Structures are given as C-alpha cells and as structure tokens.
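S.K.: Here you go, my_file27.cif (mmCIF, C-alpha atoms):
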data_structure
#
loop_
_atom_site.label_atom_id
_atom_site.label_comp_id
_atom_site.auth_asym_id
_atom_site.auth_seq_id
_atom_site.Cartn_x
_atom_site.Cartn_y
_atom_site.Cartn_z
CA MET T 1 61.99 84.64 115.64
CA LYS T 2 59.10 85.30 113.29
CA PRO T 3 60.02 86.85 109.96
CA GLY T 4 58.69 90.27 109.11
CA ILE T 5 58.67 91.40 112.70
CA SER T 6 59.20 95.14 113.19
CA ASP T 7 62.39 96.61 114.66
CA GLU T 8 60.52 98.01 117.65
CA ALA T 9 59.06 94.59 118.45
CA LYS T 10 62.53 93.01 118.19
CA ILE T 11 63.94 95.54 120.60
CA ALA T 12 61.13 94.89 123.05
CA LEU T 13 61.71 91.12 122.79
CA ASP T 14 65.42 91.56 123.40
CA ALA T 15 64.73 93.56 126.57
CA LYS T 16 62.40 90.81 127.84
CA LEU T 17 64.90 88.06 127.10
CA THR T 18 67.74 89.88 128.85
CA THR T 19 65.63 90.39 131.96
CA ALA T 20 64.61 86.73 131.94
CA LEU T 21 68.23 85.54 131.63
CA GLY T 22 69.25 87.80 134.49
CA ALA T 23 66.39 86.49 136.61
CA ILE T 24 67.49 82.87 136.06
CA ASN T 25 71.02 83.67 137.20
CA ILE T 26 69.77 85.42 140.32
CA ALA T 27 67.34 82.61 141.10
CA MET T 28 70.14 80.06 140.84
CA GLU T 29 72.28 81.95 143.31
CA ALA T 30 69.68 81.27 145.98
CA TYR T 31 70.41 77.52 145.73
CA PRO T 32 74.16 76.89 146.16
CA ASP T 33 73.66 73.13 145.86
CA LEU T 34 72.58 73.57 142.28
CA LYS T 35 76.11 74.62 141.31
CA ALA T 36 77.35 71.11 141.97
CA ASN T 37 74.89 69.65 139.49
CA GLU T 38 76.37 68.97 136.07
CA ASN T 39 73.17 69.73 134.20
CA VAL T 40 72.87 73.09 135.90
CA MET T 41 76.49 73.90 135.10
CA HIS T 42 75.80 73.02 131.49
CA LEU T 43 72.72 75.23 131.52
CA GLN T 44 74.72 78.10 132.97
CA ARG T 45 77.39 77.73 130.29
CA SER T 46 74.71 77.72 127.62
CA LEU T 47 73.08 80.81 129.11
CA ASN T 48 76.42 82.62 129.16
CA GLU T 49 77.00 81.61 125.59
CA ILE T 50 73.57 82.82 124.47
CA GLU T 51 73.98 86.06 126.34
CA GLU T 52 77.33 86.82 124.71
CA GLN T 53 76.04 85.87 121.27
CA ILE T 54 73.03 88.13 121.68
CA SER T 55 75.17 90.92 123.03
CA ALA T 56 77.49 90.59 120.02
CA ALA T 57 74.58 90.72 117.59
CA ARG T 58 73.15 93.69 119.44
CA ARG T 59 76.44 95.57 119.30
CA ALA T 60 76.85 94.79 115.59
CA TYR T 61 73.33 96.06 114.95
CA ASN T 62 73.85 99.18 117.05
CA GLN T 63 77.07 100.01 115.22
CA ALA T 64 75.36 99.63 111.84
CA VAL T 65 72.44 101.80 112.99
CA THR T 66 74.81 104.44 114.38
CA ASP T 67 76.69 104.53 111.06
CA LEU T 68 73.39 104.87 109.23
CA ASN T 69 72.10 107.61 111.54
CA ASN T 70 75.36 109.52 111.22
CA ALA T 71 75.27 109.25 107.45
CA ILE T 72 71.68 110.54 107.41
CA GLU T 73 72.68 113.61 109.41
CA MET T 74 76.10 114.40 107.96
CA PHE T 75 76.98 116.31 104.82
CA PRO T 76 77.17 115.24 101.97
CA THR T 77 75.45 111.90 102.57
CA ASN T 78 72.44 113.64 104.16
CA LEU T 79 71.44 115.00 100.71
CA ILE T 80 71.26 111.49 99.26
CA ALA T 81 69.47 110.23 102.36
CA GLY T 82 66.90 112.99 102.01
CA TRP T 83 66.41 112.19 98.36
CA MET T 84 66.04 108.46 99.13
CA ASN T 85 63.75 109.31 102.03
CA LEU T 86 65.72 107.29 104.59
CA GLN T 87 64.69 107.45 108.22
CA ARG T 88 66.72 107.23 111.39
CA ARG T 89 66.48 103.86 113.13
CA ALA T 90 66.31 103.05 116.82
CA VAL T 91 69.19 101.32 118.65
CA PHE T 92 68.97 98.64 121.33
CA GLU T 93 69.26 100.21 124.73
CA ILE T 94 69.95 98.91 128.18
CA HIS T 95 66.70 98.43 130.03
CA VAL T 96 65.82 100.76 132.90
CA THR T 97 65.70 97.89 135.40
CA GLU T 98 69.29 96.91 134.55
CA ARG T 99 70.56 100.44 134.83
CA GLN T 100 69.43 100.87 138.41
CA ASN T 101 72.06 100.54 141.08
CA VAL T 102 71.92 97.47 143.26
CA ASN T 103 70.06 98.24 146.47
CA VAL T 104 72.34 96.65 149.04
CA GLY T 105 70.10 97.65 151.96
CA ALA T 106 67.19 95.73 150.49
CA LEU T 107 69.44 92.68 149.98
CA PHE T 108 70.32 92.61 153.68
CA ASN T 109 66.72 93.07 154.76
CA LYS T 110 65.46 90.12 152.75
CA MET I 1 102.57 80.58 137.59
CA LYS I 2 105.15 82.71 139.36
CA SER I 3 105.26 86.45 139.79
CA VAL I 4 108.02 88.67 138.44
CA SER I 5 109.61 89.16 141.87
CA GLU I 6 109.64 85.40 142.53
CA LEU I 7 111.29 84.84 139.17
CA THR I 8 113.88 87.54 139.82
CA ASP I 9 114.63 85.85 143.14
CA PHE I 10 114.96 82.54 141.33
CA TYR I 11 117.31 84.13 138.79
CA TYR I 12 119.66 85.51 141.43
CA LYS I 13 119.45 82.72 144.04
CA GLU I 14 118.94 79.36 142.33
CA LEU I 15 120.82 80.19 139.17
CA TYR I 16 123.68 81.93 140.95
CA PRO I 17 126.27 79.12 140.51
CA SER I 18 125.61 78.82 136.78
CA LEU I 19 125.47 82.59 136.47
CA ASN I 20 128.89 82.91 138.05
CA GLU I 21 130.34 80.21 135.84
CA LEU I 22 128.90 81.84 132.73
CA GLU I 23 130.04 85.25 133.89
CA THR I 24 133.71 84.17 134.11
CA ASN I 25 133.25 82.56 130.71
CA ARG I 26 131.84 85.81 129.35
CA LYS I 27 134.73 87.87 130.72
CA GLN I 28 137.18 85.50 129.09
CA ILE I 29 135.41 85.81 125.76
CA VAL I 30 135.34 89.60 126.04
CA SER I 31 139.08 89.75 126.78
CA HIS I 32 139.75 87.38 123.84
CA LEU I 33 137.58 89.53 121.61
CA LYS I 34 139.46 92.65 122.66
CA TRP I 35 142.84 90.99 122.08
CA TYR I 36 141.95 89.54 118.66
CA GLY I 37 140.12 92.73 117.75
CA SER I 38 143.10 94.97 118.40
CA MET I 39 145.40 92.50 116.58
CA GLY I 40 143.02 92.54 113.61
CA VAL I 41 142.97 96.34 113.56
CA VAL I 42 146.78 96.47 113.65
CA VAL I 43 147.07 93.92 110.79
CA PHE I 44 144.45 95.82 108.81
CA ILE I 45 146.29 99.13 109.22
CA ILE I 46 149.60 97.55 108.13
CA VAL I 47 147.99 95.94 105.06
CA ALA I 48 146.19 99.19 104.26
CA LEU I 49 149.36 101.28 104.55
CA TRP I 50 151.25 98.84 102.35
CA MET I 51 148.48 98.96 99.74
CA VAL I 52 148.24 102.76 99.81
CA LYS I 53 151.96 102.88 99.14
CA ASN I 54 151.78 100.44 96.21
CA PHE I 55 148.35 100.99 94.65
CA GLY I 56 146.99 104.33 95.95
CA LEU I 57 144.16 105.07 98.36
CA PHE I 58 141.16 104.61 96.06
CA HIS I 59 142.15 101.36 94.38
CA PRO I 60 139.26 98.83 94.00
CA LEU I 61 141.38 96.20 95.76
CA MET I 62 141.20 98.41 98.85
CA ILE I 63 137.42 97.95 99.11
CA GLY I 64 137.85 94.20 98.65
CA VAL I 65 140.34 94.05 101.50
CA ALA I 66 138.06 96.09 103.78
CA ILE I 67 135.07 93.83 103.06
CA GLY I 68 137.25 90.76 103.60
CA PHE I 69 138.34 92.01 107.01
CA ILE I 70 134.76 92.76 108.07
CA ALA I 71 133.64 89.27 106.96
CA ILE I 72 136.47 87.55 108.83
CA ALA I 73 135.77 89.66 111.94
CA SER I 74 132.04 88.81 111.98
CA ILE I 75 132.70 85.08 111.43
CA ALA I 76 135.24 85.12 114.25
CA TYR I 77 132.81 86.98 116.52
CA ARG I 78 130.02 84.48 115.78
CA SER I 79 132.13 81.42 116.38
CA MET I 80 133.53 82.81 119.62
CA THR I 81 130.15 83.79 121.08
CA SER I 82 127.93 80.96 119.79
CA GLY I 83 129.13 78.52 122.47
CA TYR I 84 128.38 81.09 125.11
CA ALA I 85 124.87 81.70 123.76
CA LYS I 86 124.24 77.95 123.77
CA ASP I 87 125.42 77.61 127.37
CA PHE I 88 123.33 80.57 128.38
CA LYS I 89 120.18 79.02 126.95
CA ALA I 90 120.86 75.62 128.48
CA LYS I 91 121.82 76.88 131.93
CA ILE I 92 119.69 79.99 132.40
CA ILE I 93 116.68 80.09 130.10
CA THR I 94 115.82 76.39 130.37
CA PRO I 95 115.62 76.34 134.21
CA MET I 96 113.77 79.63 134.18
CA ILE I 97 111.06 78.27 131.91
CA GLY I 98 110.95 75.18 134.11
CA ALA I 99 110.47 77.42 137.13
CA ILE I 100 107.52 79.19 135.52
CA ASP I 101 105.82 75.90 134.80
CA PRO I 102 107.42 72.44 134.87
CA HIS I 103 105.18 71.22 132.05
CA LEU I 104 106.61 73.62 129.49
CA LEU I 105 108.98 72.22 126.89
CA TYR I 106 111.79 74.39 125.58
CA ASN I 107 113.88 73.95 122.45
CA PRO I 108 116.42 76.67 121.64
CA ASP I 109 116.84 75.70 117.97
CA PHE I 110 113.26 75.02 116.96
CA MET I 111 110.57 77.54 116.01
CA ILE I 112 106.83 77.85 115.53
CA SER I 113 105.85 76.28 112.20
CA GLN I 114 105.51 78.50 109.17
CA HIS I 115 102.08 76.97 108.62
CA LEU I 116 100.82 78.42 111.92
CA PHE I 117 102.40 81.77 111.16
CA GLU I 118 100.69 81.92 107.77
CA ARG I 119 97.41 80.60 109.16
CA SER I 120 97.20 83.64 111.42
CA ASP I 121 96.57 85.74 108.29
CA LEU I 122 98.21 88.72 110.00
CA PHE I 123 100.64 89.31 107.16
CA LYS I 124 99.39 89.24 103.61
CA HIS I 125 102.78 89.27 101.91
CA SER I 126 104.23 85.95 100.77
CA ILE I 127 107.20 84.77 102.83
CA ASP I 128 110.49 83.95 101.10
CA ARG I 129 112.65 83.30 104.13
CA TYR I 130 111.40 82.07 107.50
CA SER I 131 113.54 81.48 110.55
CA GLY I 132 113.30 81.52 114.30
CA ASN I 133 114.45 79.98 117.54
CA ASP I 134 113.64 79.61 121.25
CA TYR I 135 110.52 77.52 120.91
CA VAL I 136 108.32 76.91 123.96
CA LYS I 137 105.34 74.57 123.99
CA GLY I 138 103.07 73.36 126.72
CA SER I 139 99.93 74.28 128.55
CA ILE I 140 99.29 76.94 131.17
CA GLU I 141 96.25 76.38 133.40
CA GLY I 142 94.88 73.90 130.88
CA VAL I 143 95.32 76.20 127.91
CA PRO I 144 97.60 74.74 125.20
CA LEU I 145 100.04 77.32 123.86
CA GLU I 146 103.28 77.61 121.93
CA PHE I 147 105.53 80.52 121.10
CA SER I 148 108.91 81.32 119.66
CA ASP I 149 111.04 84.00 118.10
CA VAL I 150 110.16 84.44 114.46
CA HIS I 151 111.84 86.30 111.63
CA ALA I 152 109.84 86.37 108.40
CA GLU I 153 111.24 88.08 105.32
CA TYR I 154 110.35 88.60 101.68
CA GLN I 155 112.58 89.60 98.80
CA THR I 156 112.22 92.11 96.01
CA ARG I 157 114.27 92.85 92.91
CA ASP I 158 115.11 96.39 91.95
CA SER I 159 115.51 97.66 88.37
CA LYS I 160 119.13 96.45 88.23
CA GLY I 161 118.14 92.91 89.19
CA ARG I 162 119.65 93.04 92.67
CA THR I 163 117.69 91.18 95.33
CA GLN I 164 116.81 92.95 98.53
CA TRP I 165 115.49 91.37 101.69
CA HIS I 166 112.76 93.07 103.70
CA THR I 167 111.60 92.10 107.14
CA LEU I 168 107.91 91.34 107.27
CA PHE I 169 107.82 90.50 110.94
CA ARG I 170 110.45 90.06 113.60
CA GLY I 171 109.63 89.32 117.18
CA LEU I 172 107.72 86.96 119.37
CA PHE I 173 104.89 84.89 117.93
CA LEU I 174 102.42 83.04 120.13
CA VAL I 175 99.57 80.67 119.35
CA ALA I 176 97.12 79.53 122.03
CA GLU I 177 93.75 77.88 122.12
CA PHE I 178 90.87 80.29 122.53
CA ASN I 179 88.04 79.66 124.96
CA LYS I 180 85.18 80.34 122.56
CA HIS I 181 84.08 78.62 119.37
CA PHE I 182 84.16 80.65 116.20
CA LYS I 183 84.18 80.04 112.46
CA ALA I 184 85.11 83.37 110.88
CA LYS I 185 88.41 85.24 110.90
CA THR I 186 88.99 88.31 113.02
CA ILE I 187 92.21 90.23 112.58
CA ILE I 188 93.48 93.07 114.76
CA LEU I 189 96.30 95.21 113.41
CA PRO I 190 98.06 98.28 114.76
CA ASP I 191 96.29 101.38 113.53
CA GLN I 192 98.75 103.26 111.37
CA ALA I 193 96.37 105.00 108.96
CA GLU I 194 94.26 106.63 111.63
CA LYS I 195 97.31 107.77 113.58
CA SER I 196 99.01 109.43 110.63
CA PHE I 197 95.99 110.75 108.70
CA GLY I 198 93.41 111.42 111.42
CA SER I 199 90.15 109.57 111.93
CA LEU I 200 88.26 110.82 108.88
CA ILE I 201 90.76 110.22 106.06
CA GLY I 202 92.46 107.34 107.91
CA GLY I 203 89.12 105.63 108.46
CA TRP I 204 88.32 106.03 104.79
CA LEU I 205 91.71 104.62 103.78
CA GLN I 206 91.18 101.59 106.04
CA SER I 207 87.77 100.88 104.61
CA ILE I 208 89.14 100.66 101.04
CA ASN I 209 91.94 98.24 101.94
CA PHE I 210 91.47 95.72 99.13
CA THR I 211 93.61 92.97 100.56
CA ARG I 212 91.45 92.61 103.65
CA GLU I 213 87.91 91.56 104.25
CA GLY I 214 85.43 94.04 105.70
CA ILE I 215 86.53 96.53 108.31
CA ILE I 216 84.79 96.29 111.67
CA ARG I 217 84.32 99.38 113.78
CA LEU I 218 84.04 98.60 117.45
CA ASP I 219 82.31 100.53 120.18
CA ASP I 220 85.41 101.24 122.25
CA PRO I 221 86.96 104.55 121.11
CA GLU I 222 90.22 103.93 122.95
CA PHE I 223 90.60 100.52 121.26
CA GLU I 224 89.74 102.03 117.89
CA LYS I 225 92.48 104.60 118.35
CA HIS I 226 95.18 101.93 118.70
CA PHE I 227 93.91 99.14 116.46
CA VAL I 228 92.05 98.45 113.27
CA VAL I 229 89.93 95.32 113.06
CA TYR I 230 89.13 93.34 109.92
CA GLY I 231 86.89 90.34 109.79
CA SER I 232 84.50 88.29 107.72
CA ASP I 233 81.73 88.22 110.32
CA PRO I 234 80.95 91.41 112.29
CA ILE I 235 78.81 89.59 114.84
CA GLU I 236 81.41 86.96 115.58
CA ALA I 237 84.12 89.63 115.85
CA ARG I 238 82.07 91.27 118.58
CA TYR I 239 81.36 87.89 120.18
CA ILE I 240 85.14 87.46 120.56
CA LEU I 241 85.96 91.08 121.28
CA THR I 242 83.74 91.81 124.23
CA HIS I 243 84.29 95.05 126.08
CA SER I 244 86.42 93.32 128.69
CA MET I 245 88.50 91.56 126.01
CA MET I 246 89.18 94.86 124.23
CA LYS I 247 90.24 96.40 127.51
CA ARG I 248 92.60 93.48 128.25
CA ILE I 249 94.20 93.72 124.82
CA LEU I 250 94.64 97.48 125.29
CA ASP I 251 96.24 96.95 128.70
CA PHE I 252 98.61 94.42 127.21
CA GLN I 253 99.50 96.80 124.38
CA ARG I 254 100.34 99.53 126.90
CA ARG I 255 102.70 97.21 128.75
CA VAL I 256 104.61 95.76 125.82
CA SER I 257 105.01 99.06 123.91
CA HIS I 258 105.78 97.25 120.63
CA PRO I 259 103.42 96.85 117.67
CA LEU I 260 100.86 94.20 118.56
CA PHE I 261 99.21 91.91 116.00
CA VAL I 262 96.35 89.69 117.13
CA SER I 263 94.21 87.36 115.08
CA PHE I 264 91.48 84.87 115.85
CA VAL I 265 91.49 82.06 113.33
CA HIS I 266 90.50 78.41 113.55
CA ASN I 267 89.51 78.54 117.25
CA HIS I 268 92.97 79.83 118.16
CA ILE I 269 94.38 83.19 119.13
CA HIS I 270 97.58 84.25 117.35
CA VAL I 271 99.63 87.05 118.85
CA GLY I 272 102.63 88.71 117.25
CA ILE I 273 104.72 91.18 119.23
CA GLY I 274 106.93 93.08 116.84
CA THR I 275 109.95 93.63 119.06
CA GLY I 276 112.24 93.89 116.03
CA LYS I 277 114.96 91.79 117.67
CA ASP I 278 115.89 88.28 118.66
CA LEU I 279 114.87 87.64 122.26
CA PHE I 280 116.68 85.54 124.88
CA GLU I 281 120.04 86.18 123.23
CA PRO I 282 122.76 87.01 125.75
CA ALA I 283 124.62 90.27 125.15
CA VAL I 284 128.33 89.51 125.42
CA PHE I 285 129.30 93.02 126.44
CA THR I 286 126.84 93.40 129.34
CA SER I 287 127.14 91.52 132.59
CA LEU I 288 124.73 88.66 133.30
CA LEU I 289 124.44 89.91 136.86
CA ASP I 290 123.25 93.29 135.62
CA TYR I 291 119.77 93.88 137.06
CA LYS I 292 118.33 95.52 133.95
CA GLN I 293 119.49 92.68 131.74
CA ALA I 294 118.07 90.05 134.09
CA MET I 295 114.75 91.87 134.29
CA GLU I 296 114.48 91.87 130.52
CA TYR I 297 114.70 88.07 130.36
CA VAL I 298 112.32 87.65 133.27
CA ASN I 299 109.79 90.18 132.02
CA THR I 300 109.70 88.84 128.48
CA LEU I 301 109.00 85.32 129.70
CA GLN I 302 106.50 86.43 132.30
CA ASN I 303 104.61 88.68 129.86
CA THR I 304 104.37 86.04 127.18
CA ILE I 305 103.36 83.13 129.35
CA GLY I 306 101.20 85.42 131.50
CA LEU I 307 99.17 86.33 128.43
CA VAL I 308 96.97 83.29 129.11
CA GLU I 309 95.93 84.73 132.46
CA GLU I 310 95.92 88.30 131.27
CA LEU I 311 93.46 87.61 128.45
CA LYS I 312 91.66 85.11 130.71
CA LEU I 313 91.94 82.32 128.16
CA ASN I 314 91.63 79.88 131.06
CA GLU I 315 88.12 81.11 131.88
CA LYS I 316 85.76 78.43 130.62
CA LEU I 317 82.45 80.17 130.98
CA TRP I 318 81.07 79.33 127.58
CA SER I 319 79.84 76.24 125.82
CA LYS I 320 83.37 75.32 124.68
CA VAL I 321 84.84 72.92 127.23
#
Turn the structure described in the file into structure tokens.
M.R.:
Amino acid sequence: MKPGISDEAKIALDAKLTTALGAINIAMEAYPDLKANENVMHLQRSLNEIEEQISAARRAYNQAVTDLNNAIEMFPTNLIAGWMNLQRRAVFEIHVTERQNVNVGALFNK
Amino acid sequence: MKSVSELTDFYYKELYPSLNELETNRKQIVSHLKWYGSMGVVVFIIVALWMVKNFGLFHPLMIGVAIGFIAIASIAYRSMTSGYAKDFKAKIITPMIGAIDPHLLYNPDFMISQHLFERSDLFKHSIDRYSGNDYVKGSIEGVPLEFSDVHAEYQTRDSKGRTQWHTLFRGLFLVAEFNKHFKAKTIILPDQAEKSFGSLIGGWLQSINFTREGIIRLDDPEFEKHFVVYGSDPIEARYILTHSMMKRILDFQRRVSHPLFVSFVHNHIHVGIGTGKDLFEPAVFTSLLDYKQAMEYVNTLQNTIGLVEELKLNEKLWSKV
C-alpha cells in the first residue's frame, strides 16, 4: 500500500479487496474439479489466511478508533481532546453488498 | 473419538470384570481402615487418659502425642490406599484412554514438563515446587497434544522466618499445536478485576498491570466479561481470537465451570483448568460402580481430549499445514 494514503481511501480499498476475495471463492465453487488441484487448494489456503489477517487488522484498527472516539466524547478526556483539536475517525464497516441476505430464489433460477 | 455415552457404556460393560475385582479390593481396604482406625482411636484415648492423669490436660507433650498420632494415621492411610490407586489407574484409566484413541500414551507417574508450564507465561510468579501425574501424550485427528495434572507452588517467609507454601496453580494443564502461525504472545486470564470492581475501575486496574504486556480489548462483550486478554501484538491476538474462537472458548468455559487460563505462545495453545484438585484419583470411600463417580472420570477425559475438536484445532484452513 502506498504511504501517505488517507484513511478514507484505505477503507474504500479494503471494501474492494473483500468483495474481490469473496468473488474468487464463489467463482471457484462453480468448478468442483478445481478443488482436487493442489495449486488451487494452496491458493484457497492463502486466501483464507489473507482474509483472516486483514480481518484481524481491521478489528484492531476499529477497536483503537472506537477507544479514540469514546475518549473524544467522554468527560474528562473530551476537554483535552477539544484543546488538542482531535477529530473523530471513521471505522471500517461491512459493505452493503455483503450485508444483503442471500437470495435463494435467484440461486435456483440460475 | 468416542462420545460420552459410548465411553460410559465402555466403562460399565468392558471394564466390568476389573471394576468388580477392584470393588472387592476397595471394600476390603475400607473395612481394614475402619478396623485400624477404631483401634487407633482406642489406643489414643488410653494414652491420652494416662497422660492426663500423670501430666495434666494442657501439657506440651500432649500436643506432641496428638501430632504423632495424626502423622502415623496419614502414613498408614497412604500406604494402604496407594496400591489401590495404582491398580485403578492401570486397570481403569489406561483402557479408557485407549478406548478414546489407541494412539494415546498414558503414564500415571509422569507429568508435563515444567519448561512447557513456564513457557505458557500464564503465571508470572516463580515456581519453587512443581509436581504432577497422569500424563497423556499423543495426537488427536492429527493434532499433537499432551496434558497432565499439575501442581505448582511457591514459598514465602513470614516475619518469623517460617516458610509457607502457596498454590499457584492446581489442575489440568494441556498443550497442543495450534493451527495458525504466530510470533507474539497472547494470554487469556479469568477476569477478576472487572467482576469485583465493575467495568470502569476494573478496566483501569487491568490496564495498569505492570507485570503484563499491553491489554487487548476485544469486540465480544460476553468474552470481555469473563476474560482479560494481554498480548504483545494486538493484530495477531485478533488473528488468533476470531469471533468464532472467542465463542468456542466461552462455551468451553461454561461447561468446565473452573477458572480457565489460555495462552498462545510459540505456535502452541496452552490451557490450564484450575480444578483445584488431583484428577483421576479414586476415592476410597465411594463405590467405583457409582454412576456419578464414573461420569466424573469419563467427562474429564472426554472434555480434555475433546478440546481439540471443540476449538477446531484440527481445521487446517490456513497456510500452516
């Protein structure tokens, strides 16, 4: 990742990456033969690994941001935050596409 | 891996001949104990009466005699029951562990090494006396594990120079390989501060614990209520403690209902269950055929060995093979 990139851009990139990883997994399910291939298995393991690592980093970041946001709003730390001119930060959120329920009807009609 | 009901069946059906043999043995020991016990009491009363007559009730010799009798009684009790305990382990516990998985090795006199216990980093205090027994080693579903009873103590001296022994940990200690790679340490301890002082003051107390590395607050409120997590790398701690892993640890905690200590060090998971007693020891005064007693042996074994499946340590989804 490029240095000096803004938080908002990072969050947008994370959302893109998560969608892409999900898409790969779904695409692989369409080809059962692929599961027998060692390279594909290795790829899947790596993807799982990356996904969990990213998720861990995201949760660590979100916890830190939540602590910061709470401190900015709560007494007595809010006085210091106001004096230091600290701003609330945004947290990573689950993308809208991932939040939607699975449309089983559409799956059967494919 | 067998279920609890299968194991209970095994206990009552396959082990029935040895159970019966041991049970007659046990009854004999109990009747001996009663006979010698009552004789001892009679002798003690006679000696005591004689001493009261000659020296008076509060003579220092009196205390000496009482202590002497207690010492003799406990030595006699030990020597009479130790053979029975040995037989019990050889004839009941060994086949039971074999029934759970034939690849498990069992040694009643050995214990998990002190090095592994200290490596877990669960207990910061130095250990002055370390003992244990009932050591099991092997692999379940391809996951290497070992566990045993452990009793770790440290000693202190009071102002008069008397040494006192304190128990640091007593219970079951298990070490198994973890299915993810990690470099940092993550330590999960029972949450005492937050329970006794509430979340605000307790949380503050936890965060200034000088003996531990940074505190890690996790995003599962239920988990946070029961445990406190320390670790050197907050990202890695969350990589290990996914939401499902936290839920599994919580579920396990609810079932064992003893203090639970878990640490992730050196690519291994270390679990301490602070039962406060020595497990797999037969109670001389309760029947071996007693259902409750049998269930205790079966459940302890099943819970411990089942931890591999319960925490899904056999799931190899990640880059570690």
S.K.: Kindly provide, as a list in words, the residues of chain I having any atom no farther than 8 Å from an atom of chain T, counting all atoms listed in the file.
M.R.: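 Close enough to count are Arg217, Leu218, Asp219, Pro234, Ile235, Glu236, Ala237, Arg238, Tyr239, Thr242, Leu317, Trp318 and Ser319 of chain I.
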S.K.: Write out as a ChimeraX atom specification the residues lying within 8 Å of segment 60-69 of chain I, counting all atoms listed in the file and excluding same-chain residues fewer than 6 positions away.
M.R.: /I:44,48,51
S.K.: Would you mind listing what lies within 12 Å of Asn25 of chain I as number ranges by chain, with all atoms listed in the file counted and same-chain residues fewer than 2 positions away left out?
M.R.: I: 18-23, 27-32, 80-81, 83-85, 87-88, 284-285, 287-288
S.K.: I want to know what sits within 10 Å of Asp14 of chain T, based on all atoms listed in the file, with residues of the same chain fewer than 4 positions away left out; could you give that as a count of residues only?
M.R.: 13
S.K.: By how many Å are atom CA of Lys183 of chain I and atom CA of Phe147 of chain I apart?
M.R.: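 Calculated distance between atom CA of Lys183 of chain I and atom CA of Phe147 of chain I is 23.0 Å.
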S.K.: From the options T:Ile11, T:Ile26, T:Ala36, T:Leu21, which residue's atoms come nearest to Ala90 of chain T, counting all atoms listed in the file?
M.R.: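 Result for the nearest residue to Ala90 of chain T: T:Ile11.
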S.K.: Using atom CA of Glu6 of chain I and atom CA of Tyr135 of chain I as the two end points, give the distance in Å to one decimal.
M.R.: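 These atoms are spaced 23.0 Å apart.
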S.K.: Quick one: pull the distance between atom CA of Leu189 of chain I and atom CA of Leu122 of chain I, Å, one decimal.
M.R.: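 If I compute the distance from atom CA of Leu189 of chain I to atom CA of Leu122 of chain I, I get 7.6 Å.
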